[in-house]
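Colleague: Sharing final-v7.pdb here; it has PDB, C-alpha atoms.
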ATOM      1  CA  MET A  87      -2.596  15.016  -6.651
ATOM      2  CA  ILE A  88      -1.290  11.690  -5.378
ATOM      3  CA  LEU A  89      -3.121   8.456  -6.188
ATOM      4  CA  THR A  90      -3.115   5.601  -3.674
ATOM      5  CA  VAL A  91      -4.293   2.088  -4.523
ATOM      6  CA  THR A  92      -5.694  -0.324  -1.923
ATOM      7  CA  LEU A  93      -6.843  -3.585  -3.451
ATOM      8  CA  ASN A  94      -8.047  -5.045  -0.132
ATOM      9  CA  ALA A  95      -9.780  -2.101   1.552
ATOM     10  CA  THR A  96     -11.019  -3.068   5.007
ATOM     11  CA  LEU A  97     -13.445  -1.660   7.555
ATOM     12  CA  GLN A  98     -11.803  -1.771  10.982
ATOM     13  CA  VAL A  99     -14.466  -2.045  13.705
ATOM     14  CA  SER A 100     -13.367  -1.586  17.320
ATOM     15  CA  TYR A 101     -15.636  -2.388  20.261
ATOM     16  CA  GLU A 102     -14.788  -1.488  23.847
ATOM     17  CA  ALA A 103     -16.641  -3.188  26.698
ATOM     18  CA  PRO A 104     -16.130  -3.067  30.487
ATOM     19  CA  VAL A 105     -16.007  -6.861  30.480
ATOM     20  CA  VAL A 106     -16.582  -9.507  27.796
ATOM     21  CA  SER A 107     -18.354 -12.767  28.600
ATOM     22  CA  TRP A 108     -18.628 -15.327  25.820
ATOM     23  CA  GLY A 109     -22.078 -16.906  25.542
ATOM     24  CA  ALA A 110     -23.737 -13.846  27.108
ATOM     25  CA  THR A 111     -24.984 -10.384  26.131
ATOM     26  CA  ASN A 112     -22.192  -7.811  26.268
ATOM     27  CA  HIS A 113     -22.819  -4.072  26.434
ATOM     28  CA  ILE A 114     -20.489  -1.957  24.306
ATOM     29  CA  ARG A 115     -19.176   1.251  25.839
ATOM     30  CA  GLN A 116     -17.628   2.624  22.641
ATOM     31  CA  LEU A 117     -17.684   1.823  18.916
ATOM     32  CA  ILE A 118     -15.157   3.116  16.382
ATOM     33  CA  CYS A 119     -15.205   2.380  12.630
ATOM     34  CA  ARG A 120     -12.155   3.248  10.535
ATOM     35  CA  ALA A 121     -11.097   2.667   6.948
ATOM     36  CA  SER A 122      -8.094   0.355   6.938
ATOM     37  CA  GLY A 123      -5.618  -1.044   4.428
ATOM     38  CA  GLY A 124      -2.129  -0.124   3.260
ATOM     39  CA  GLY A 125      -2.949   2.500   0.653
ATOM     40  CA  LEU A 126      -5.712   4.019   2.784
ATOM     41  CA  ALA A 127      -3.297   4.579   5.678
ATOM     42  CA  VAL A 128      -0.869   6.253   3.266
ATOM     43  CA  ALA A 129      -3.714   8.447   1.992
ATOM     44  CA  ARG A 130      -4.710   9.450   5.527
ATOM     45  CA  VAL A 131      -1.136  10.469   6.355
ATOM     46  CA  LEU A 132      -0.857  12.551   3.187
ATOM     47  CA  ALA A 133      -4.210  14.248   3.763
ATOM     48  CA  GLY A 134      -3.146  15.065   7.316
ATOM     49  CA  LEU A 135      -0.126  16.854   5.855
ATOM     50  CA  GLY A 136      -2.338  18.900   3.545
ATOM     51  CA  GLU A 137      -1.676  16.933   0.345
ATOM     52  CA  ASP A 138      -4.367  16.355  -2.281
ATOM     53  CA  VAL A 139      -4.892  12.600  -2.429
ATOM     54  CA  LEU A 140      -7.263  10.248  -4.237
ATOM     55  CA  ALA A 141      -7.847   6.701  -2.947
ATOM     56  CA  ALA A 142      -8.713   3.970  -5.460
ATOM     57  CA  GLY A 143      -9.042   0.195  -5.314
ATOM     58  CA  PHE A 144     -11.880  -2.251  -4.672
ATOM     59  CA  ALA A 145     -14.808  -1.756  -2.285
ATOM     60  CA  GLY A 146     -18.230  -3.362  -1.983
ATOM     61  CA  GLY A 147     -21.410  -3.538   0.066
ATOM     62  CA  GLY A 148     -22.303  -1.573   3.168
ATOM     63  CA  ALA A 149     -18.692  -1.690   4.341
ATOM     64  CA  ALA A 150     -17.711   0.314   1.251
ATOM     65  CA  GLN A 151     -20.023   3.143   2.256
ATOM     66  CA  ALA A 152     -18.571   3.227   5.765
ATOM     67  CA  ILE A 153     -15.020   3.199   4.360
ATOM     68  CA  GLU A 154     -15.775   6.110   2.037
ATOM     69  CA  SER A 155     -17.477   8.093   4.804
ATOM     70  CA  ASP A 156     -14.505   7.708   7.136
ATOM     71  CA  LEU A 157     -12.060   8.740   4.417
ATOM     72  CA  ALA A 158     -14.198  11.774   3.558
ATOM     73  CA  ARG A 159     -13.965  12.918   7.187
ATOM     74  CA  ALA A 160     -10.175  12.672   6.854
ATOM     75  CA  GLY A 161     -10.192  14.772   3.679
ATOM     76  CA  VAL A 162      -9.452  11.873   1.327
ATOM     77  CA  ALA A 163     -11.340  11.744  -1.987
ATOM     78  CA  THR A 164     -12.223   8.277  -3.293
ATOM     79  CA  ALA A 165     -12.662   6.554  -6.661
ATOM     80  CA  PHE A 166     -13.243   2.913  -5.717
ATOM     81  CA  THR A 167     -14.203   0.258  -8.215
ATOM     82  CA  ARG A 168     -17.345  -1.416  -6.906
ATOM     83  CA  ILE A 169     -17.345  -5.207  -6.457
ATOM     84  CA  ALA A 170     -20.243  -7.617  -5.947
ATOM     85  CA  ARG A 171     -18.969  -8.985  -2.640
ATOM     86  CA  GLU A 172     -18.738  -7.158   0.666
ATOM     87  CA  SER A 173     -15.437  -5.539   1.615
ATOM     88  CA  ARG A 174     -14.026  -7.353   4.589
ATOM     89  CA  ARG A 175     -14.381  -6.273   8.188
ATOM     90  CA  VAL A 176     -11.857  -6.763  10.953
ATOM     91  CA  VAL A 177     -13.504  -6.569  14.383
ATOM     92  CA  ASP A 178     -11.488  -5.897  17.553
ATOM     93  CA  VAL A 179     -13.234  -6.455  20.886
ATOM     94  CA  LEU A 180     -11.469  -4.904  23.875
ATOM     95  CA  ASP A 181     -12.192  -6.402  27.294
ATOM     96  CA  GLU A 182     -11.242  -3.495  29.553
ATOM     97  CA  ALA A 183     -11.299  -5.541  32.743
ATOM     98  CA  ARG A 184      -8.764  -8.064  31.414
ATOM     99  CA  GLU A 185      -6.971  -5.562  29.141
ATOM    100  CA  GLU A 186      -7.261  -8.117  26.339
ATOM    101  CA  THR A 187      -8.335  -7.666  22.724
ATOM    102  CA  THR A 188      -9.909 -10.393  20.614
ATOM    103  CA  ARG A 189      -9.753  -9.964  16.838
ATOM    104  CA  LEU A 190     -12.273 -11.399  14.373
ATOM    105  CA  ALA A 191     -11.002 -11.064  10.797
ATOM    106  CA  GLU A 192     -13.288 -11.800   7.870
ATOM    107  CA  PRO A 193     -11.769 -13.314   4.708
ATOM    108  CA  ALA A 194     -10.938 -10.979   1.862
ATOM    109  CA  PRO A 195     -13.556 -10.829  -0.907
ATOM    110  CA  PHE A 196     -12.956 -12.710  -4.145
ATOM    111  CA  ILE A 197     -12.273 -10.396  -7.080
ATOM    112  CA  THR A 198     -13.580 -11.581 -10.429
ATOM    113  CA  THR A 199     -11.792 -11.211 -13.754
ATOM    114  CA  GLU A 200     -14.473  -8.738 -14.875
ATOM    115  CA  GLU A 201     -13.964  -6.603 -11.732
ATOM    116  CA  LEU A 202     -10.183  -6.603 -12.201
ATOM    117  CA  GLY A 203     -10.572  -5.545 -15.833
ATOM    118  CA  ARG A 204     -12.948  -2.750 -14.843
ATOM    119  CA  PHE A 205     -10.540  -1.520 -12.184
ATOM    120  CA  ALA A 206      -7.575  -1.574 -14.590
ATOM    121  CA  ALA A 207      -9.498   0.586 -17.072
ATOM    122  CA  GLU A 208     -10.577   3.060 -14.394
ATOM    123  CA  TYR A 209      -7.043   3.154 -12.921
ATOM    124  CA  ARG A 210      -5.503   4.038 -16.289
ATOM    125  CA  LYS A 211      -7.959   6.915 -16.691
ATOM    126  CA  LEU A 212      -6.973   8.297 -13.275
ATOM    127  CA  LEU A 213      -3.200   8.274 -13.900
ATOM    128  CA  PRO A 214      -2.657  11.275 -16.241
ATOM    129  CA  GLY A 215      -1.612  14.335 -14.268
ATOM    130  CA  MET A 216      -0.939  12.465 -11.031
ATOM    131  CA  GLU A 217       2.216  13.408  -9.111
ATOM    132  CA  ALA A 218       2.776   9.777  -8.071
ATOM    133  CA  VAL A 219       0.902   6.549  -7.443
ATOM    134  CA  VAL A 220       1.306   4.416  -4.314
ATOM    135  CA  LEU A 221       0.511   0.676  -4.497
ATOM    136  CA  SER A 222       0.345  -0.548  -0.911
ATOM    137  CA  GLY A 223      -1.015  -3.513   1.024
ATOM    138  CA  GLY A 224      -2.001  -7.129   0.536
ATOM    139  CA  LEU A 225      -4.107  -8.658  -2.210
ATOM    140  CA  PRO A 226      -7.647 -10.031  -1.955
ATOM    141  CA  ALA A 227      -8.523 -13.471  -3.289
ATOM    142  CA  GLY A 228      -8.615 -13.926  -7.048
ATOM    143  CA  LEU A 229      -5.881 -11.461  -8.010
ATOM    144  CA  PRO A 230      -2.657 -12.578  -9.727
ATOM    145  CA  GLY A 231       0.615 -12.035  -7.891
ATOM    146  CA  ASP A 232       1.915  -9.762 -10.643
ATOM    147  CA  VAL A 233      -0.912  -7.236 -10.327
ATOM    148  CA  TYR A 234       1.349  -4.552  -8.782
ATOM    149  CA  ALA A 235       3.854  -5.135 -11.585
ATOM    150  CA  SER A 236       1.121  -4.496 -14.161
ATOM    151  CA  LEU A 237      -0.100  -1.377 -12.351
ATOM    152  CA  ALA A 238       3.473  -0.065 -12.141
ATOM    153  CA  SER A 239       3.817  -0.580 -15.904
ATOM    154  CA  TYR A 240       0.632   1.376 -16.591
ATOM    155  CA  ALA A 241       1.969   4.190 -14.398
ATOM    156  CA  ALA A 242       5.276   4.235 -16.303
ATOM    157  CA  GLU A 243       3.382   4.476 -19.598
ATOM    158  CA  ALA A 244       1.560   7.532 -18.215
ATOM    159  CA  GLY A 245       4.807   9.102 -16.970
ATOM    160  CA  VAL A 246       3.795   8.740 -13.310
ATOM    161  CA  PRO A 247       6.323   7.414 -10.754
ATOM    162  CA  ALA A 248       5.090   4.296  -8.944
ATOM    163  CA  ILE A 249       5.850   3.410  -5.331
ATOM    164  CA  VAL A 250       5.317  -0.222  -4.304
ATOM    165  CA  HIS A 251       4.903  -1.193  -0.643
ATOM    166  CA  ALA A 252       4.540  -4.956  -0.465
ATOM    167  CA  GLY A 253       6.266  -8.162   0.534
ATOM    168  CA  GLY A 254       7.028 -11.606  -0.832
ATOM    169  CA  PRO A 255       6.373 -12.492  -4.480
ATOM    170  CA  VAL A 256       4.211  -9.390  -5.035
ATOM    171  CA  LEU A 257       7.218  -7.183  -4.283
ATOM    172  CA  TRP A 258       9.713  -9.253  -6.233
ATOM    173  CA  GLN A 259       7.586  -9.463  -9.363
ATOM    174  CA  SER A 260       7.204  -5.668  -9.397
ATOM    175  CA  LEU A 261      10.969  -5.054  -9.547
ATOM    176  CA  ALA A 262      11.264  -5.976 -13.222
ATOM    177  CA  ARG A 263       8.938  -3.051 -14.034
ATOM    178  CA  HIS A 264      11.419  -0.583 -12.486
ATOM    179  CA  PRO A 265       9.228   1.219  -9.921
ATOM    180  CA  ALA A 266      10.512   4.574  -8.696
ATOM    181  CA  LEU A 267      10.626   3.303  -5.101
ATOM    182  CA  VAL A 268       9.882   0.092  -3.229
ATOM    183  CA  LEU A 269       9.478  -0.364   0.497
ATOM    184  CA  ALA A 270       9.880  -3.990   1.528
ATOM    185  CA  ALA A 271       7.079  -5.090   3.833
ATOM    186  CA  SER A 272       9.078  -8.235   4.653
ATOM    187  CA  THR A 273      12.792  -9.055   4.826
ATOM    188  CA  ALA A 274      12.198 -12.452   3.204
ATOM    189  CA  GLY A 275      13.472 -12.979  -0.327
ATOM    190  CA  PRO A 276      11.767 -15.127  -2.937
ATOM    191  CA  PRO A 277      11.832 -18.862  -2.149
ATOM    192  CA  GLY A 278      15.052 -20.481  -3.298
ATOM    193  CA  ALA A 279      16.444 -17.298  -4.807
ATOM    194  CA  GLY A 280      19.102 -16.770  -2.149
ATOM    195  CA  VAL A 281      18.847 -13.004  -2.616
ATOM    196  CA  SER A 282      18.875 -10.409   0.145
ATOM    197  CA  ALA A 283      15.909  -8.073   0.556
ATOM    198  CA  ARG A 284      18.245  -5.300   1.662
ATOM    199  CA  PRO A 285      17.581  -2.051  -0.210
ATOM    200  CA  ASP A 286      20.727  -2.307  -2.337
ATOM    201  CA  GLY A 287      19.656  -5.793  -3.439
ATOM    202  CA  LEU A 288      16.239  -4.482  -4.482
ATOM    203  CA  VAL A 289      17.867  -1.685  -6.483
ATOM    204  CA  ALA A 290      20.130  -4.222  -8.188
ATOM    205  CA  ARG A 291      17.018  -6.149  -9.259
ATOM    206  CA  GLY A 292      15.327  -3.181 -10.919
ATOM    207  CA  ALA A 293      13.950  -0.605  -8.458
ATOM    208  CA  ALA A 294      15.163   2.975  -8.916
ATOM    209  CA  ALA A 295      15.279   3.302  -5.111
ATOM    210  CA  ALA A 296      14.401   1.026  -2.201
ATOM    211  CA  ALA A 297      13.913   1.173   1.548
ATOM    212  CA  MET A 298      13.366  -1.218   4.438
ATOM    213  CA  VAL A 299      12.121  -0.624   7.987
ATOM    214  CA  SER A 300      13.642  -2.419  10.969
ATOM    215  CA  GLY A 301      12.175  -1.240  14.276
ATOM    216  CA  ALA A 302      12.986   2.462  14.540
ATOM    217  CA  GLU A 303      15.588   2.271  11.764
ATOM    218  CA  LEU A 304      15.136   2.978   8.066
ATOM    219  CA  LEU A 305      17.634   1.766   5.477
ATOM    220  CA  ALA A 306      17.538   3.112   1.932
ATOM    221  CA  ALA A 307      19.434   2.798  -1.323
ATOM    222  CA  ALA A 308      19.342   4.386  -4.759
ATOM    223  CA  GLY A 309      21.346   4.125  -7.968
ATOM    224  CA  HIS A 310      25.119   4.647  -8.250
ATOM    225  CA  GLY A 311      25.715   2.853  -4.941
ATOM    226  CA  GLN A 312      24.039   5.472  -2.748
ATOM    227  CA  GLN A 313      22.965   4.114   0.654
ATOM    228  CA  TRP A 314      21.665   5.702   3.850
ATOM    229  CA  GLN A 315      20.668   4.793   7.380
ATOM    230  CA  ALA A 316      18.142   6.855   9.355
ATOM    231  CA  VAL A 317      17.639   6.066  13.045
ATOM    232  CA  LEU A 318      15.452   7.375  15.847
ATOM    233  CA  ASP A 319      17.298   6.495  19.061
ATOM    234  CA  GLY A 320      15.997   6.582  22.610
ATOM    235  CA  TYR A 321      12.620   4.939  22.087
ATOM    236  CA  PRO A 322      12.995   1.227  22.930
ATOM    237  CA  GLY A 323      10.393  -1.012  21.325
ATOM    238  CA  LEU A 324       9.281   1.640  18.833
ATOM    239  CA  SER A 325       8.319   0.335  15.382
ATOM    240  CA  LEU A 326       7.800   2.697  12.485
ATOM    241  CA  SER A 327       4.557   2.601  10.501
ATOM    242  CA  GLY A 328       5.488   1.375   7.029
ATOM    243  CA  GLU A 329       2.591   3.252   5.453
ATOM    244  CA  ALA A 330       3.639   6.542   7.071
ATOM    245  CA  VAL A 331       7.222   5.913   5.955
ATOM    246  CA  VAL A 332       5.980   5.539   2.366
ATOM    247  CA  ALA A 333       4.183   8.881   2.650
ATOM    248  CA  GLY A 334       7.336  10.453   4.055
ATOM    249  CA  LEU A 335       9.574   9.180   1.257
ATOM    250  CA  LEU A 336       7.276  10.413  -1.518
ATOM    251  CA  PRO A 337       8.898  13.883  -1.758
ATOM    252  CA  ALA A 338      12.230  12.265  -2.700
ATOM    253  CA  VAL A 339      10.480  10.647  -5.669
ATOM    254  CA  SER A 340       8.036  13.327  -6.777
ATOM    255  CA  GLN A 341       9.576  16.614  -5.599
ATOM    256  CA  ASP A 342      13.339  15.897  -5.784
ATOM    257  CA  TRP A 343      13.918  16.299  -2.063
ATOM    258  CA  PRO A 344      17.443  15.325  -0.972
ATOM    259  CA  TRP A 345      17.305  11.767   0.331
ATOM    260  CA  ALA A 346      18.648  12.772   3.746
ATOM    261  CA  ASP A 347      15.749  15.202   4.234
ATOM    262  CA  ALA A 348      13.160  12.691   2.999
ATOM    263  CA  LEU A 349      14.521   9.958   5.272
ATOM    264  CA  ARG A 350      14.363  12.232   8.308
ATOM    265  CA  HIS A 351      10.810  13.224   7.380
ATOM    266  CA  ALA A 352       9.800   9.582   6.813
ATOM    267  CA  VAL A 353      11.172   8.284  10.116
ATOM    268  CA  ALA A 354       9.507  11.069  12.089
ATOM    269  CA  LEU A 355       6.190  10.399  10.342
ATOM    270  CA  GLY A 356       6.542   6.663  10.865
ATOM    271  CA  ALA A 357       7.079   7.193  14.586
ATOM    272  CA  ALA A 358       4.217   9.685  14.978
ATOM    273  CA  ALA A 359       1.507   7.795  13.044
ATOM    274  CA  ASP A 360      -0.976   5.206  14.300
ATOM    275  CA  PRO A 361      -1.847   2.079  12.232
ATOM    276  CA  ALA A 362      -4.733   3.856  10.483
ATOM    277  CA  GLY A 363      -2.471   6.734   9.372
ATOM    278  CA  GLU A 364      -3.462   9.381  11.908
ATOM    279  CA  VAL A 365      -0.391  11.535  12.609
ATOM    280  CA  ASP A 366       0.343  13.288  15.897
ATOM    281  CA  LEU A 367       1.901  16.456  14.448
ATOM    282  CA  ASP A 368       3.324  17.578  17.805
ATOM    283  CA  ALA A 369       5.116  14.233  18.175
ATOM    284  CA  TYR A 370       6.297  14.539  14.573
ATOM    285  CA  GLU A 371       7.993  17.866  15.336
ATOM    286  CA  VAL A 372       9.798  16.329  18.320
ATOM    287  CA  PHE A 373      10.898  13.225  16.420
ATOM    288  CA  SER A 374      12.106  15.247  13.419
ATOM    289  CA  SER A 375      14.826  16.870  15.496
ATOM    290  CA  GLU A 376      15.959  13.509  16.923
ATOM    291  CA  VAL A 377      16.431  11.483  13.725
ATOM    292  CA  SER A 378      20.038  10.931  12.678
ATOM    293  CA  VAL A 379      20.805  10.225   8.996
ATOM    294  CA  THR A 380      24.149   8.890   7.791
ATOM    295  CA  ALA A 381      25.393   7.981   4.331
ATOM    296  CA  GLU A 382      26.831   4.476   3.944
ATOM    297  CA  GLY A 383      29.094   2.812   1.432
TER     298      GLY A 383
END
For this file, produce the structure as C-alpha cells.

Modeller:
Amino acid sequence: MILTVTLNATLQVSYEAPVVSWGATNHIRQLICRASGGGLAVARVLAGLGEDVLAAGFAGGGAAQAIESDLARAGVATAFTRIARESRRVVDVLDEAREETTRLAEPAPFITTEELGRFAAEYRKLLPGMEAVVLSGGLPAGLPGDVYASLASYAAEAGVPAIVHAGGPVLWQSLARHPALVLAASTAGPPGAGVSARPDGLVARGAAAAAMVSGAELLAAAGHGQQWQAVLDGYPGLSLSGEAVVAGLLPAVSQDWPWADALRHAVALGAAADPAGEVDLDAYEVFSSEVSVTAEG
C-alpha cells in the first residue's frame, strides 16, 4: 500500500450557471464537489491505476465528510487526523454565458500544536509495511516549514522511501533528510542561496533522485551523474500535472523500474490527468507511445 499525506486537504466546489448576476439570485445548473489537494490528487491517480492507497493528513468539519465521501467513490481509503476547524473550501462559479469562472478561496485552517502532535503519532503508526509515502502540497497555517523534513525522517526510520512534492523553503529543508525522490513544485531556489533548482542541483543537496516539470517536459536526475529528459512533443500549451507525474515516478522508487520507463509513464500520466487526479486511460495509452526519453550528461 502507498501512503499519501495532504496537510491542507480542500473541498473543491464547482457551480455552473447559465448566467451570473452579482447582487441577484442565481440558479445553479450543476454542482460538483471534489476532494482536492496535492496528496489527494496523487492518491486518485494511483487508485485509478489499481494501486492500494491510503490518504492521510488533516481534515475537519462538514467539509471533511464530503472529502472522505468523494475519495471513497474513487477507491481511496482515508485515515485523516481530525482538527477543530473546518477544512477549507475553494468555490468556482462558472458563468456559461460569459465563459468566465470566478474563484472564492477560503483561508486554510490553523493547525494547533496538539493537532500536529496527534497527526505525527498517527502517521508513524501508519508507516510500517508501506511501499512508499508521498508528501505533496502546500501547508495550512500554524505548521513549521520543516514539517515535510520531519515526516521524511520518520519514514526513513521505518524503512519507507519518502517522495516530497513541494516548492520553496518546504522543499529545500526536506533535502537534508535525503528523501528518495523530490519533485520541485517551483523553479525558485531559496532566497539568497544562488542555487539552481534543476534536478541535479537537488540531488547534490541531498535527494536520492529529483525531477522538475516544465510544460510538457520532465527533467530528472539521480546519483552518479545520471540525468534524463522526457518530452511529449506536438501538444502546444500542454502542462503536465505535477501530482500525476509523482504517481508515475513512484515505480522507479518503490519497484526498481528503469528510470526511462518510469519517466515515460510519468509524462503520459501527467498529460492525461485532470487537476483532481482523474486519468483518461485512453489518452494515457496514446501519450505513452509519443513520449521520447533521452539520457543526458

Colleague: Compare A:His264, A:Asp347, A:Ala160, A:Arg204 by their minimum atom-to-atom distance to Glu137 in chain A, counting only C-alpha atoms, and give me the closest one.

Modeller: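 For Glu137 in chain A, the nearest of the given residues is A:Ala160.
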
Colleague: If you apply the PyMOL selection byres ((chain A and resi 222-231) around 8) to this file, what residues do you get, as a ChimeraX atom specification?

Modeller: /A:90-94,123-125,194-199,202,220-221,232-234,250-252,255-256,259,329

Colleague: Go through A:Arg284, A:Arg174, A:Arg130, A:Arg159 one by one, measure the shortest atom-to-atom distance of each to Gln315 in chain A using only C-alpha atoms, and give the residue with the smallest value.

Modeller: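 Counting only C-alpha atoms, the residue closest to Gln315 in chain A is A:Arg284.
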
Colleague: Taking all atoms of range 200-218 of chain A that appear in the file, build a box with edges along x, y and z, extend it by 8 Å on every side, and state its centre and edge lengths in Å to one decimal, as JSON.

Modeller:
{"center_x": -5.8, "center_y": 2.8, "center_z": -12.6, "size_x": 33.2, "size_y": 39.1, "size_z": 25.0}

Colleague: Could you spell out the hits of the PyMOL selection byres ((chain A and resi 299-312) around 8) on the shown file, as a PyMOL selection string?

Modeller: chain A and resi 269-271+285-286+289+294-298+313-319+321+323-326+328+349+353+357+381-383

Colleague: Using only C-alpha atoms, which residue out of A:Ala149, A:Ala262, A:Val379, A:Val139 lies closest to Ala333 in chain A?

Modeller: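 Of A:Ala149, A:Ala262, A:Val379, A:Val139, the one nearest Ala333 in chain A, counting only C-alpha atoms, is A:Val139.
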
Colleague: On this file, the PyMOL selection byres ((chain A and resi 370) around 12) gives some set of residues; write that set as a PyMOL selection string.

Modeller: chain A and resi 131+134-135+318+330+334+350-360+364-369+371-377

Colleague: Which polymer residues, whether protein, DNA or RNA, lie within 10 Å of the coordinate (0.3, 14.4, -12.5) when you count all atoms listed in the file? List them as a PyMOL selection string, using the chain letters and numbers from the file.

Modeller: chain A and resi 87-89+212-219+244-247+340

Colleague: Would you kindly return, as number ranges by chain, each protein, DNA or RNA residue with an atom no farther than 12 Å from any atom of Ser107 in chain A, considering all atoms listed in the file and excluding same-chain residues fewer than 5 positions away?

Modeller: A: 112-114, 179-184, 188

Colleague: Considering all atoms listed in the file, state which residue in the set A:Phe166, A:Tyr240, A:Phe205, A:Tyr101 is at the smallest distance from Gly147 in chain A.

Modeller: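 Using all atoms listed in the file, Gly147 in chain A sits closest to A:Phe166.
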
Colleague: What is the distance between CA of Gly253 in chain A and CA of Asp138 in chain A, in Å to one decimal?

Modeller: 26.9 Å

Colleague: Glu200 in chain A: which residues within 12 Å, counting all atoms listed in the file, same-chain residues fewer than 6 positions away excluded, as an NGL selection string?

Modeller: :A and (167-170 or 206-207 or 228-229)

Colleague: Give the answer as one residue: which of A:Glu192, A:Asp178, A:Glu208, A:Glu201 has the shortest atom-to-atom distance to Ala165 in chain A, using only C-alpha atoms?

Modeller: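 Residue with the minimum atom-to-atom distance to Ala165 in chain A: A:Glu208.
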
Colleague: Just checking: using all atoms listed in the file, which residue out of A:Thr164, A:Ala158, A:Glu186, A:Leu117 ends up closest to Leu140 in chain A?

Modeller: A:Thr164

Colleague: Need to verify the contact set: Arg175 in chain A, 8 Å, only C-alpha atoms, exclusion of same-chain residues closer than 2 positions in sequence. Can you return it as a count of residues only?

Modeller: 9
